[in-house]
>>> print(open('work_10.cif').read())   # mmCIF, C-alpha atoms and all ligand atoms
data_data
loop_
_atom_site.label_atom_id
_atom_site.label_comp_id
_atom_site.auth_asym_id
_atom_site.auth_seq_id
_atom_site.Cartn_x
_atom_site.Cartn_y
_atom_site.Cartn_z
CA MET Q 1 9.97 27.22 -31.73
CA LYS Q 2 8.02 27.60 -34.95
CA ARG Q 3 6.85 24.39 -36.63
CA LYS Q 4 8.50 25.42 -39.88
CA ASP Q 5 11.89 25.49 -38.12
CA LEU Q 6 11.68 21.87 -36.98
CA GLY Q 7 13.77 19.19 -38.68
CA PHE Q 8 12.12 16.94 -41.26
CA ASN Q 9 11.62 13.98 -38.92
CA SER Q 10 10.16 16.18 -36.19
CA LYS Q 11 7.74 17.67 -38.72
CA LEU Q 12 6.63 14.15 -39.65
CA ILE Q 13 5.60 13.59 -36.04
CA HIS Q 14 4.34 17.04 -35.01
CA SER Q 15 3.23 19.10 -38.02
CA GLY Q 16 -0.51 19.38 -38.49
CA MET Q 17 -1.26 18.37 -34.88
CA PHE Q 18 -3.89 20.45 -33.11
CA ASP Q 19 -5.39 20.59 -29.62
CA ASP Q 20 -8.86 19.23 -29.06
CA GLN Q 21 -10.94 19.26 -25.87
CA PHE Q 22 -9.62 15.82 -24.79
CA GLY Q 23 -5.93 16.37 -25.51
CA SER Q 24 -5.86 13.59 -28.13
CA ALA Q 25 -2.35 12.37 -28.98
CA THR Q 26 -3.29 11.74 -32.62
CA VAL Q 27 -5.44 13.64 -35.11
CA PRO Q 28 -9.05 12.46 -34.74
CA ILE Q 29 -11.15 11.45 -37.75
CA TYR Q 30 -13.81 14.11 -38.23
CA GLN Q 31 -16.15 11.84 -40.17
CA THR Q 32 -18.80 14.45 -40.84
CA SER Q 33 -20.09 15.88 -44.09
CA THR Q 34 -21.22 19.17 -42.60
CA PHE Q 35 -20.67 21.49 -39.60
CA ARG Q 36 -23.29 23.16 -37.38
CA PHE Q 37 -23.37 26.98 -37.24
CA LYS Q 38 -23.91 28.58 -33.83
CA ASP Q 39 -26.39 31.06 -35.28
CA VAL Q 40 -27.11 33.00 -38.49
CA ASP Q 41 -24.32 35.52 -37.90
CA HIS Q 42 -21.76 32.76 -37.33
CA GLY Q 43 -22.78 31.11 -40.61
CA ALA Q 44 -22.50 34.43 -42.42
CA GLU Q 45 -19.05 35.11 -40.96
CA LEU Q 46 -17.83 31.66 -42.00
CA PHE Q 47 -19.07 32.06 -45.56
CA ALA Q 48 -17.48 35.51 -45.74
CA GLY Q 49 -14.19 33.94 -44.59
CA ARG Q 50 -14.03 36.32 -41.63
CA CYS Q 51 -13.72 33.70 -38.90
CA GLU Q 52 -11.89 30.39 -38.60
CA GLY Q 53 -14.02 27.28 -38.82
CA TYR Q 54 -15.56 24.70 -41.08
CA ILE Q 55 -18.68 24.73 -43.26
CA TYR Q 56 -18.82 21.52 -45.32
CA THR Q 57 -16.22 18.75 -45.82
CA ARG Q 58 -15.77 19.27 -49.57
CA ILE Q 59 -14.62 22.81 -48.72
CA GLY Q 60 -12.58 21.86 -45.66
CA ASN Q 61 -12.40 19.50 -42.67
CA PRO Q 62 -10.08 19.37 -39.62
CA THR Q 63 -8.61 15.93 -40.46
CA LEU Q 64 -7.94 17.00 -44.05
CA CYS Q 65 -6.53 20.31 -42.87
CA SER Q 66 -4.11 18.49 -40.59
CA LEU Q 67 -2.75 16.39 -43.47
CA GLU Q 68 -2.54 19.48 -45.70
CA GLU Q 69 -0.50 21.37 -43.09
CA LEU Q 70 1.75 18.39 -42.53
CA VAL Q 71 2.66 17.86 -46.20
CA ALA Q 72 2.97 21.63 -46.83
CA ASP Q 73 5.52 21.76 -43.97
CA LEU Q 74 7.43 18.78 -45.38
CA GLU Q 75 7.62 20.44 -48.82
CA ASN Q 76 8.54 23.87 -47.33
CA GLY Q 77 5.43 25.23 -49.05
CA TYR Q 78 2.64 27.67 -48.35
CA LYS Q 79 -0.42 25.39 -48.03
CA GLY Q 80 -1.65 22.01 -49.20
CA ILE Q 81 -4.77 20.73 -50.96
CA ALA Q 82 -5.74 17.09 -50.29
CA VAL Q 83 -7.48 15.39 -53.22
CA SER Q 84 -9.07 12.02 -53.94
CA SER Q 85 -6.18 10.67 -56.06
CA GLY Q 86 -2.94 11.59 -57.79
CA MET Q 87 -4.91 12.01 -61.01
CA GLY Q 88 -7.32 14.25 -59.12
CA ALA Q 89 -4.30 16.45 -58.37
CA VAL Q 90 -3.24 16.43 -62.05
CA ASN Q 91 -6.72 17.51 -63.17
CA VAL Q 92 -7.06 20.25 -60.55
CA ILE Q 93 -3.70 21.62 -61.76
CA TYR Q 94 -4.61 21.43 -65.48
CA MET Q 95 -8.07 22.91 -64.94
CA GLY Q 96 -6.81 25.55 -62.55
CA LEU Q 97 -3.84 26.78 -64.58
CA LEU Q 98 -4.73 26.28 -68.25
CA GLU Q 99 -7.46 28.14 -70.13
CA LYS Q 100 -8.77 27.77 -73.69
CA GLY Q 101 -5.92 28.51 -76.10
CA ALA Q 102 -3.22 27.86 -73.48
CA HIS Q 103 -0.18 25.67 -74.12
CA MET Q 104 1.80 23.38 -71.82
CA VAL Q 105 5.27 21.83 -72.16
CA SER Q 106 5.74 18.51 -70.39
CA THR Q 107 8.15 15.62 -69.86
CA ASP Q 108 7.66 12.99 -72.61
CA ALA Q 109 8.05 10.09 -70.19
CA VAL Q 110 5.51 11.58 -67.77
CA TYR Q 111 3.12 9.23 -65.89
CA GLY Q 112 0.91 7.73 -68.65
CA PRO Q 113 -2.53 8.99 -67.55
CA SER Q 114 -1.19 12.55 -67.02
CA ARG Q 115 -0.50 12.60 -70.76
CA VAL Q 116 -3.54 10.58 -71.85
CA VAL Q 117 -6.01 12.89 -70.10
CA MET Q 118 -4.37 15.92 -71.73
CA GLU Q 119 -4.29 14.50 -75.27
CA LYS Q 120 -7.67 12.78 -75.12
CA HIS Q 121 -9.74 15.29 -73.16
CA TYR Q 122 -8.14 18.71 -72.68
CA PHE Q 123 -7.39 18.98 -76.40
CA ARG Q 124 -11.18 18.98 -76.92
CA PHE Q 125 -11.36 22.23 -74.94
CA GLY Q 126 -8.66 24.00 -76.93
CA VAL Q 127 -5.70 23.34 -74.64
CA GLU Q 128 -2.45 22.26 -76.34
CA ALA Q 129 0.61 20.45 -75.02
CA ASP Q 130 4.01 19.39 -76.32
CA TYR Q 131 5.86 16.45 -74.82
CA VAL Q 132 9.64 16.65 -74.96
CA ASP Q 133 12.68 15.05 -73.36
CA THR Q 134 13.06 17.55 -70.49
CA THR Q 135 16.33 15.98 -69.30
CA ASN Q 136 17.81 18.29 -71.97
CA THR Q 137 16.44 21.73 -71.02
CA ASP Q 138 17.14 23.11 -74.53
CA ASN Q 139 14.20 20.97 -75.67
CA ILE Q 140 11.99 22.93 -73.24
CA ILE Q 141 13.19 26.30 -74.57
CA ASN Q 142 12.52 25.16 -78.14
CA ALA Q 143 9.00 23.97 -77.28
CA ILE Q 144 7.91 27.19 -75.53
CA LYS Q 145 5.36 29.30 -77.45
CA PRO Q 146 3.87 32.73 -76.74
CA ASN Q 147 0.82 30.99 -75.17
CA THR Q 148 2.81 28.58 -72.95
CA ARG Q 149 1.40 28.88 -69.42
CA VAL Q 150 2.75 25.80 -67.65
CA ILE Q 151 5.85 23.59 -67.63
CA PHE Q 152 4.84 20.24 -66.15
CA LEU Q 153 7.73 17.99 -65.10
CA GLU Q 154 8.22 14.57 -63.66
CA THR Q 155 11.70 13.96 -62.25
CA PRO Q 156 12.90 11.26 -62.09
CA SER Q 157 10.51 10.06 -64.79
CA ASN Q 158 8.94 6.65 -64.99
CA PRO Q 159 10.15 3.96 -65.81
CA THR Q 160 13.11 5.39 -67.69
CA MET Q 161 14.58 7.25 -64.67
CA GLY Q 162 15.48 10.49 -66.49
CA VAL Q 163 16.27 13.45 -64.21
CA THR Q 164 15.37 17.05 -65.16
CA ASP Q 165 17.38 20.00 -63.81
CA MET Q 166 14.75 21.94 -61.83
CA LYS Q 167 16.92 24.98 -61.15
CA LYS Q 168 17.51 25.47 -64.87
CA VAL Q 169 13.82 25.02 -65.68
CA VAL Q 170 12.85 27.63 -63.07
CA GLU Q 171 15.26 30.12 -64.68
CA ILE Q 172 13.74 29.44 -68.11
CA ALA Q 173 10.16 29.74 -66.80
CA ARG Q 174 10.46 32.79 -64.52
CA SER Q 175 11.84 35.12 -67.16
CA ARG Q 176 8.84 34.20 -69.36
CA GLY Q 177 6.10 34.29 -66.69
CA ILE Q 178 5.44 30.54 -66.96
CA ILE Q 179 4.24 28.47 -63.98
CA THR Q 180 6.29 25.37 -63.10
CA VAL Q 181 4.78 22.14 -61.75
CA VAL Q 182 6.59 18.99 -60.53
CA ASP Q 183 5.12 15.53 -59.96
CA ASN Q 184 7.19 14.52 -56.90
CA THR Q 185 5.55 11.12 -56.39
CA PHE Q 186 8.71 9.11 -57.11
CA CYS Q 187 10.80 10.85 -54.48
CA SER Q 188 8.42 11.90 -51.70
CA PRO Q 189 9.39 15.10 -49.86
CA TYR Q 190 12.02 13.12 -47.95
CA LEU Q 191 14.20 12.82 -51.06
CA GLN Q 192 13.31 15.93 -53.05
CA LYS Q 193 11.75 19.33 -52.31
CA PRO Q 194 11.00 21.01 -55.67
CA LEU Q 195 9.71 24.24 -54.06
CA ASP Q 196 13.21 24.82 -52.61
CA PHE Q 197 14.44 25.09 -56.22
CA GLY Q 198 11.80 27.73 -57.00
CA ILE Q 199 9.18 25.41 -58.55
CA ASP Q 200 5.66 26.89 -58.09
CA VAL Q 201 3.51 23.79 -57.58
CA VAL Q 202 4.42 20.31 -56.35
CA PHE Q 203 2.05 17.36 -56.15
CA HIS Q 204 2.00 13.69 -55.18
CA SER Q 205 0.08 10.56 -55.73
CA ILE Q 206 -0.31 9.93 -51.97
CA THR Q 207 -1.02 6.33 -52.94
CA LYS Q 208 2.74 5.78 -53.21
CA PHE Q 209 5.48 6.76 -50.69
CA ILE Q 210 3.52 9.27 -48.61
CA ASN Q 211 0.96 6.73 -47.48
CA GLY Q 212 3.40 3.88 -48.07
CA HIS Q 213 1.21 0.91 -47.15
CA ALA Q 214 -0.58 0.08 -50.43
CA ASP Q 215 -4.04 0.57 -48.92
CA ILE Q 216 -5.18 4.06 -50.00
CA ILE Q 217 -5.63 6.04 -53.23
CA GLY Q 218 -5.07 9.75 -52.71
CA GLY Q 219 -3.30 12.88 -53.86
CA ILE Q 220 -2.02 16.20 -52.55
CA ILE Q 221 -0.93 19.53 -54.05
CA VAL Q 222 1.35 22.07 -52.32
CA THR Q 223 2.07 25.56 -53.67
CA ARG Q 224 4.91 27.98 -52.97
CA GLU Q 225 2.64 31.01 -52.60
CA GLU Q 226 -0.89 32.19 -51.92
CA THR Q 227 -2.28 33.23 -55.34
CA ILE Q 228 -1.86 29.87 -57.06
CA TYR Q 229 -2.99 28.14 -53.87
CA GLU Q 230 -6.31 30.05 -53.87
CA GLN Q 231 -6.78 29.34 -57.58
CA LEU Q 232 -6.23 25.60 -57.14
CA ARG Q 233 -8.18 25.34 -53.87
CA ASP Q 234 -11.17 26.96 -55.60
CA MET Q 235 -10.85 24.51 -58.50
CA MET Q 236 -10.65 21.46 -56.19
CA VAL Q 237 -13.71 22.57 -54.19
CA ASN Q 238 -15.73 23.14 -57.36
CA MET Q 239 -14.57 19.95 -59.11
CA GLY Q 240 -15.46 18.01 -55.97
CA CYS Q 241 -12.42 15.75 -55.79
CA ASN Q 242 -11.70 16.19 -52.09
CA MET Q 243 -10.16 13.44 -49.98
CA ASP Q 244 -12.29 11.66 -47.39
CA PRO Q 245 -11.46 12.30 -43.68
CA HIS Q 246 -10.98 8.61 -42.87
CA GLN Q 247 -8.56 8.32 -45.77
CA ALA Q 248 -6.63 11.37 -44.52
CA TYR Q 249 -6.34 9.76 -41.09
CA MET Q 250 -4.80 6.63 -42.63
CA VAL Q 251 -2.33 8.76 -44.60
CA ILE Q 252 -1.29 10.77 -41.51
CA ARG Q 253 -0.67 7.45 -39.72
CA GLY Q 254 1.41 6.05 -42.60
CA LEU Q 255 3.35 9.26 -43.06
CA LYS Q 256 4.90 9.22 -39.56
CA THR Q 257 7.44 6.61 -40.69
CA LEU Q 258 8.24 8.10 -44.12
CA SER Q 259 11.93 8.69 -43.39
CA LEU Q 260 12.42 5.24 -41.87
CA ARG Q 261 10.65 3.52 -44.75
CA VAL Q 262 12.46 5.42 -47.50
CA GLU Q 263 15.87 5.00 -45.83
CA ARG Q 264 15.45 1.25 -45.51
CA SER Q 265 14.00 0.84 -49.02
CA GLN Q 266 16.83 2.88 -50.44
CA GLN Q 267 19.50 0.81 -48.67
CA ASN Q 268 17.90 -2.33 -50.11
CA ALA Q 269 17.61 -0.73 -53.57
CA MET Q 270 21.33 0.12 -53.62
CA LYS Q 271 22.24 -3.49 -52.82
CA ILE Q 272 19.84 -4.85 -55.43
CA ALA Q 273 21.18 -2.41 -58.04
CA GLU Q 274 24.76 -3.58 -57.37
CA PHE Q 275 23.68 -7.23 -57.44
CA LEU Q 276 21.88 -6.80 -60.78
CA GLU Q 277 24.67 -4.74 -62.32
CA ASN Q 278 27.01 -7.72 -61.79
CA HIS Q 279 24.52 -10.34 -62.98
CA PRO Q 280 25.36 -12.01 -66.34
CA LYS Q 281 21.71 -11.95 -67.54
CA VAL Q 282 21.39 -8.20 -67.04
CA LYS Q 283 22.45 -5.76 -69.76
CA TRP Q 284 22.31 -2.58 -67.70
CA VAL Q 285 20.81 -1.10 -64.53
CA LYS Q 286 19.49 2.47 -64.18
CA TYR Q 287 19.61 3.62 -60.58
CA PRO Q 288 20.60 7.14 -59.49
CA GLY Q 289 22.84 5.67 -56.75
CA LEU Q 290 25.13 3.83 -59.18
CA LYS Q 291 28.27 5.53 -60.53
CA SER Q 292 27.26 4.20 -63.97
CA TYR Q 293 24.04 6.26 -63.87
CA PRO Q 294 24.36 8.90 -66.63
CA GLN Q 295 22.93 11.75 -64.52
CA TYR Q 296 24.65 10.75 -61.27
CA ASP Q 297 25.84 14.30 -60.40
CA LEU Q 298 22.56 16.04 -61.16
CA ALA Q 299 20.59 13.44 -59.17
CA ALA Q 300 22.98 13.84 -56.23
CA ARG Q 301 22.56 17.63 -56.43
CA GLN Q 302 18.79 17.79 -56.36
CA MET Q 303 17.83 14.62 -54.48
CA ASN Q 304 18.73 13.71 -50.89
CA GLY Q 305 19.23 10.09 -51.91
CA PRO Q 306 18.87 7.78 -54.90
CA GLY Q 307 15.47 6.42 -53.87
CA ALA Q 308 13.79 3.05 -53.97
CA LEU Q 309 13.07 2.65 -57.69
CA LEU Q 310 15.30 1.07 -60.26
CA ALA Q 311 15.01 -0.14 -63.82
CA PHE Q 312 17.09 -2.75 -65.59
CA GLU Q 313 17.30 -4.42 -68.98
CA LEU Q 314 17.44 -8.19 -69.44
CA ASN Q 315 19.74 -9.50 -72.20
CA ASP Q 316 17.10 -11.87 -73.53
CA GLY Q 317 14.29 -9.34 -73.97
CA TYR Q 318 10.57 -9.93 -73.79
CA GLU Q 319 10.53 -13.67 -72.95
CA ALA Q 320 13.18 -13.25 -70.25
CA GLY Q 321 11.01 -10.50 -68.72
CA LYS Q 322 8.00 -12.80 -68.64
CA THR Q 323 10.02 -15.67 -67.14
CA LEU Q 324 11.32 -13.42 -64.38
CA MET Q 325 7.80 -12.14 -63.61
CA ASN Q 326 6.40 -15.66 -63.39
CA ASN Q 327 9.11 -16.94 -61.05
CA VAL Q 328 9.52 -14.30 -58.33
CA LYS Q 329 7.98 -15.30 -55.00
CA VAL Q 330 8.95 -12.57 -52.51
CA CYS Q 331 8.72 -9.64 -54.95
CA MET Q 332 5.07 -9.02 -55.70
CA LEU Q 333 4.00 -8.87 -59.33
CA ALA Q 334 2.04 -5.61 -59.37
CA VAL Q 335 1.99 -2.03 -60.63
CA SER Q 336 2.21 0.94 -58.24
CA LEU Q 337 5.23 1.79 -56.12
CA GLY Q 338 6.43 3.33 -52.89
CA GLY Q 339 5.01 0.80 -50.44
CA VAL Q 340 6.69 -1.28 -47.75
CA GLU Q 341 6.48 -4.32 -50.05
CA THR Q 342 8.73 -4.90 -53.07
CA LEU Q 343 6.79 -4.64 -56.33
CA ILE Q 344 8.14 -5.77 -59.69
CA GLN Q 345 6.71 -5.16 -63.15
CA HIS Q 346 7.59 -5.66 -66.81
CA PRO Q 347 6.30 -2.61 -68.76
CA ALA Q 348 6.42 -4.27 -72.22
CA SER Q 349 3.99 -7.04 -71.22
CA MET Q 350 2.11 -5.06 -68.56
CA THR Q 351 1.72 -1.25 -68.15
CA HIS Q 352 2.84 -0.36 -71.68
CA SER Q 353 1.59 -3.46 -73.56
CA LYS Q 354 -1.06 -1.44 -75.44
CA MET Q 355 1.57 0.85 -76.98
CA ASP Q 356 2.93 -0.24 -80.37
CA LYS Q 357 6.49 -1.53 -80.15
CA GLN Q 358 8.00 1.36 -82.12
CA SER Q 359 6.65 4.21 -79.98
CA ARG Q 360 7.27 2.15 -76.85
CA GLU Q 361 10.94 1.76 -77.74
CA LYS Q 362 11.18 5.42 -78.73
CA ALA Q 363 10.06 6.26 -75.18
CA GLY Q 364 12.89 4.03 -73.88
CA ILE Q 365 10.61 1.18 -72.84
CA THR Q 366 12.42 -1.76 -74.35
CA ASP Q 367 11.32 -5.43 -74.39
CA GLY Q 368 13.61 -6.51 -71.57
CA LEU Q 369 12.99 -3.55 -69.27
CA VAL Q 370 11.96 -4.40 -65.72
CA ARG Q 371 11.04 -1.94 -62.96
CA ILE Q 372 11.34 -2.65 -59.25
CA SER Q 373 9.98 -0.57 -56.40
CA VAL Q 374 12.08 -1.88 -53.53
CA GLY Q 375 10.43 -2.42 -50.14
CA ILE Q 376 11.72 -2.92 -46.61
CA GLU Q 377 12.01 -6.74 -46.51
CA ASN Q 378 15.26 -8.52 -45.59
CA ILE Q 379 17.78 -7.89 -48.35
CA GLU Q 380 18.89 -11.56 -48.43
CA ASP Q 381 15.32 -12.62 -49.22
CA LEU Q 382 14.98 -10.09 -52.04
CA LYS Q 383 18.35 -10.91 -53.61
CA GLY Q 384 17.76 -14.65 -53.23
CA ASP Q 385 14.34 -14.32 -54.86
CA LEU Q 386 15.70 -12.43 -57.88
CA ASP Q 387 18.68 -14.76 -58.14
CA LYS Q 388 16.50 -17.88 -58.29
CA ALA Q 389 13.98 -16.34 -60.69
CA LEU Q 390 16.76 -15.10 -63.02
CA ALA Q 391 18.24 -18.62 -63.10
CA LYS Q 392 15.00 -20.01 -64.60
CA LYS Q 393 14.99 -20.70 -68.34
C1 LIG O 401 0.53 6.69 -59.43
C2 LIG O 401 1.03 7.94 -60.00
C3 LIG O 401 0.16 9.00 -60.35
C4 LIG O 401 -1.35 8.88 -60.24
O1 LIG O 401 -1.79 8.71 -58.94
P1 LIG O 401 -3.14 7.95 -58.51
O2 LIG O 401 -3.14 8.08 -57.05
O3 LIG O 401 -3.05 6.54 -59.01
O4 LIG O 401 -4.27 8.67 -59.16
C5 LIG O 401 0.73 10.16 -60.84
N1 LIG O 401 2.06 10.29 -61.01
C6 LIG O 401 2.91 9.29 -60.70
C7 LIG O 401 4.38 9.49 -60.91
C8 LIG O 401 2.43 8.09 -60.19
O5 LIG O 401 3.30 7.10 -59.90
#
>>> encode(input="work_10.cif", output="structure tokens", more="lines below")
Ligand SMILES: *Cc1c(COP(=O)(O)O)cnc(C)c1O
Amino acid sequence: MKRKDLGFNSKLIHSGMFDDQFGSATVPIYQTSTFRFKDVDHGAELFAGRCEGYIYTRIGNPTLCSLEELVADLENGYKGIAVSSGMGAVNVIYMGLLEKGAHMVSTDAVYGPSRVVMEKHYFRFGVEADYVDTTNTDNIINAIKPNTRVIFLETPSNPTMGVTDMKKVVEIARSRGIITVVDNTFCSPYLQKPLDFGIDVVFHSITKFINGHADIIGGIIVTREETIYEQLRDMMVNMGCNMDPHQAYMVIRGLKTLSLRVERSQQNAMKIAEFLENHPKVKWVKYPGLKSYPQYDLAARQMNGPGALLAFELNDGYEAGKTLMNNVKVCMLAVSLGGVETLIQHPASMTHSKMDKQSREKAGITDGLVRISVGIENIEDLKGDLDKALAKK
């Protein structure tokens, strides 16, 4: 049976495995910067790409290769490129796909640094971008220019939980020769496989669900076909933002339980969403699993589950947000997401505090907005914790 025909959970356990001389049951850490050539001809063959093997870890390494094969299989993609962080992935994609004079259309509520690096740095090199609400695909069509090369999406977006219709975007992009990219960090390949909808490039901050244990920073890119893969691989090697082999080993270890972790987190998230929706101090809850979620049908169509992230609005705004933050004891007050532990944060006083109130609210980040990344703890403990903290004045 071919590896690509295995079910998702079997891929988690078996994809990327390879035989070594000892029959190791796990993928060993090849903690080496360089690889010995047998002789001059062997070195020449390797550099010419005519034989299989490794040269230097920035270019490739067996532990990294194992992780790259594993995630490429999970995403139903061609090949993967492991990088040092999620932002490393963003930069390899921007640098690899946009040239001077090129234009990009992107989700307005995209991960903050993905937009900051574009507007602060890439603009200096003559690259342009427009940020629009991509949940309405007409906004994408209206933003496209003759020099648009890339449509860069995040779905669901953060922390406003807007879902973009990937199938529609692919139709818009293909007929115009535009490359499509999706940041799939929020979902992990367990919940969403953008390449199956015809998206060209998918990437992750591995830091979040894929690793899942809040102990590693990393990223990975997977492409649907060879040409873009070669372009991005070349860019990663030359930018020098490869992952370290030890880090890759930790990620492979964490990834084995992806389905179990996401399933459990998602069950907890559903219960917390229902609890909050019925709480008198809560104005509304945005969670793709709730019937009240405005894009319920679209989310159900392109995601295999509602996920572990939810946002809600407190009636009493900014101060109520701060009080909640200061009184939770089981939920951890921290940014990041996708780990086994429940993390809670208040964007207005934390991640988005530097934004002026007007543009913050325009982006849907209101004073009483709270985001939770739900972990795998006992649901009674999580609900009890929120209940007590919400009762505080
Ligand atoms: C965290 C995150 C990133 C950036 O990843 P790092 O590993 O922190 O560099 C990009 N996109 C999303 C959606 C994220 O949550």
>>> closest_residue(input="work_10.cif", among="Q:Ser85, Q:Thr134, Q:Ser265, Q:Thr227", to="ligand LIG 401 (chain O)", atoms="only C-alpha atoms and all ligand atoms")
Q:Ser85
>>> atom_distance(input="work_10.cif", atom1="CA of Val83 (chain Q)", atom2="CA of Gly240 (chain Q)")
8.8 Å
>>> closest_atom_pairs(input="work_10.cif", of="region 196-285 of chain Q", to="region 295-316 of chain Q", cutoff="8 Å", atoms="only C-alpha atoms", output="JSON lines")
{"residue": "Q:Val262", "atom": "CA", "partner": "Q:Ala308", "partner_atom": "CA", "distance": 7.0}
{"residue": "Q:Ser265", "atom": "CA", "partner": "Q:Ala308", "partner_atom": "CA", "distance": 5.4}
{"residue": "Q:Gln266", "atom": "CA", "partner": "Q:Ala308", "partner_atom": "CA", "distance": 4.7}
{"residue": "Q:Asn268", "atom": "CA", "partner": "Q:Ala308", "partner_atom": "CA", "distance": 7.8}
{"residue": "Q:Ala269", "atom": "CA", "partner": "Q:Ala308", "partner_atom": "CA", "distance": 5.4}
{"residue": "Q:Ala273", "atom": "CA", "partner": "Q:Leu310", "partner_atom": "CA", "distance": 7.2}
{"residue": "Q:Leu276", "atom": "CA", "partner": "Q:Phe312", "partner_atom": "CA", "distance": 7.9}
{"residue": "Q:Lys281", "atom": "CA", "partner": "Q:Asn315", "partner_atom": "CA", "distance": 5.6}
{"residue": "Q:Val282", "atom": "CA", "partner": "Q:Leu314", "partner_atom": "CA", "distance": 4.6}
{"residue": "Q:Lys283", "atom": "CA", "partner": "Q:Asn315", "partner_atom": "CA", "distance": 5.2}
{"residue": "Q:Trp284", "atom": "CA", "partner": "Q:Glu313", "partner_atom": "CA", "distance": 5.5}
{"residue": "Q:Val285", "atom": "CA", "partner": "Q:Phe312", "partner_atom": "CA", "distance": 4.2}
>>> residues_near_ligand(input="work_10.cif", ligand="ligand LIG 401 (chain O)", cutoff="8 Å", atoms="all atoms listed in the file", output="short mmCIF file (atom, residue, chain, number, x, y, z; two decimals) with C-alpha atoms, in the coordinates of the input")
data_model
loop_
_atom_site.label_atom_id
_atom_site.label_comp_id
_atom_site.auth_asym_id
_atom_site.auth_seq_id
_atom_site.Cartn_x
_atom_site.Cartn_y
_atom_site.Cartn_z
CA SER Q 84 -9.07 12.02 -53.94
CA SER Q 85 -6.18 10.67 -56.06
CA GLY Q 86 -2.94 11.59 -57.79
CA MET Q 87 -4.91 12.01 -61.01
CA GLY Q 88 -7.32 14.25 -59.12
CA ALA Q 89 -4.30 16.45 -58.37
CA VAL Q 90 -3.24 16.43 -62.05
CA VAL Q 110 5.51 11.58 -67.77
CA TYR Q 111 3.12 9.23 -65.89
CA PRO Q 113 -2.53 8.99 -67.55
CA SER Q 114 -1.19 12.55 -67.02
CA GLU Q 154 8.22 14.57 -63.66
CA SER Q 157 10.51 10.06 -64.79
CA ASN Q 158 8.94 6.65 -64.99
CA ASP Q 183 5.12 15.53 -59.96
CA ASN Q 184 7.19 14.52 -56.90
CA THR Q 185 5.55 11.12 -56.39
CA PHE Q 186 8.71 9.11 -57.11
CA HIS Q 204 2.00 13.69 -55.18
CA SER Q 205 0.08 10.56 -55.73
CA ILE Q 206 -0.31 9.93 -51.97
CA THR Q 207 -1.02 6.33 -52.94
CA LYS Q 208 2.74 5.78 -53.21
CA ILE Q 217 -5.63 6.04 -53.23
CA GLY Q 218 -5.07 9.75 -52.71
CA GLY Q 219 -3.30 12.88 -53.86
CA SER Q 336 2.21 0.94 -58.24
CA LEU Q 337 5.23 1.79 -56.12
#
>>> residues_near_point(input="work_10.cif", point="(-2.2, 27.8, -54.5)", cutoff="12 Å", atoms="all atoms listed in the file", output="number ranges by chain")
Q: 72, 77-81, 92-93, 96-97, 179, 181, 200-203, 220-236
>>> closest_residue(input="work_10.cif", among="Q:Asp130, Q:Glu75, Q:Asp385, Q:Glu119", to="Ile210 (chain Q)", atoms="only C-alpha atoms")
Q:Glu75
>>> closest_residue(input="work_10.cif", among="Q:Pro189, Q:Val117, Q:Phe37, Q:Ser106", to="Leu153 (chain Q)", atoms="all atoms listed in the file")
Q:Ser106
>>> atom_distance(input="work_10.cif", atom1="CA of Arg253 (chain Q)", atom2="CA of Thr342 (chain Q)")
20.5 Å
>>> closest_residue(input="work_10.cif", among="Q:Val169, Q:Leu74, Q:Ile199, Q:Leu333", to="Lys4 (chain Q)", atoms="all atoms listed in the file")
Q:Leu74
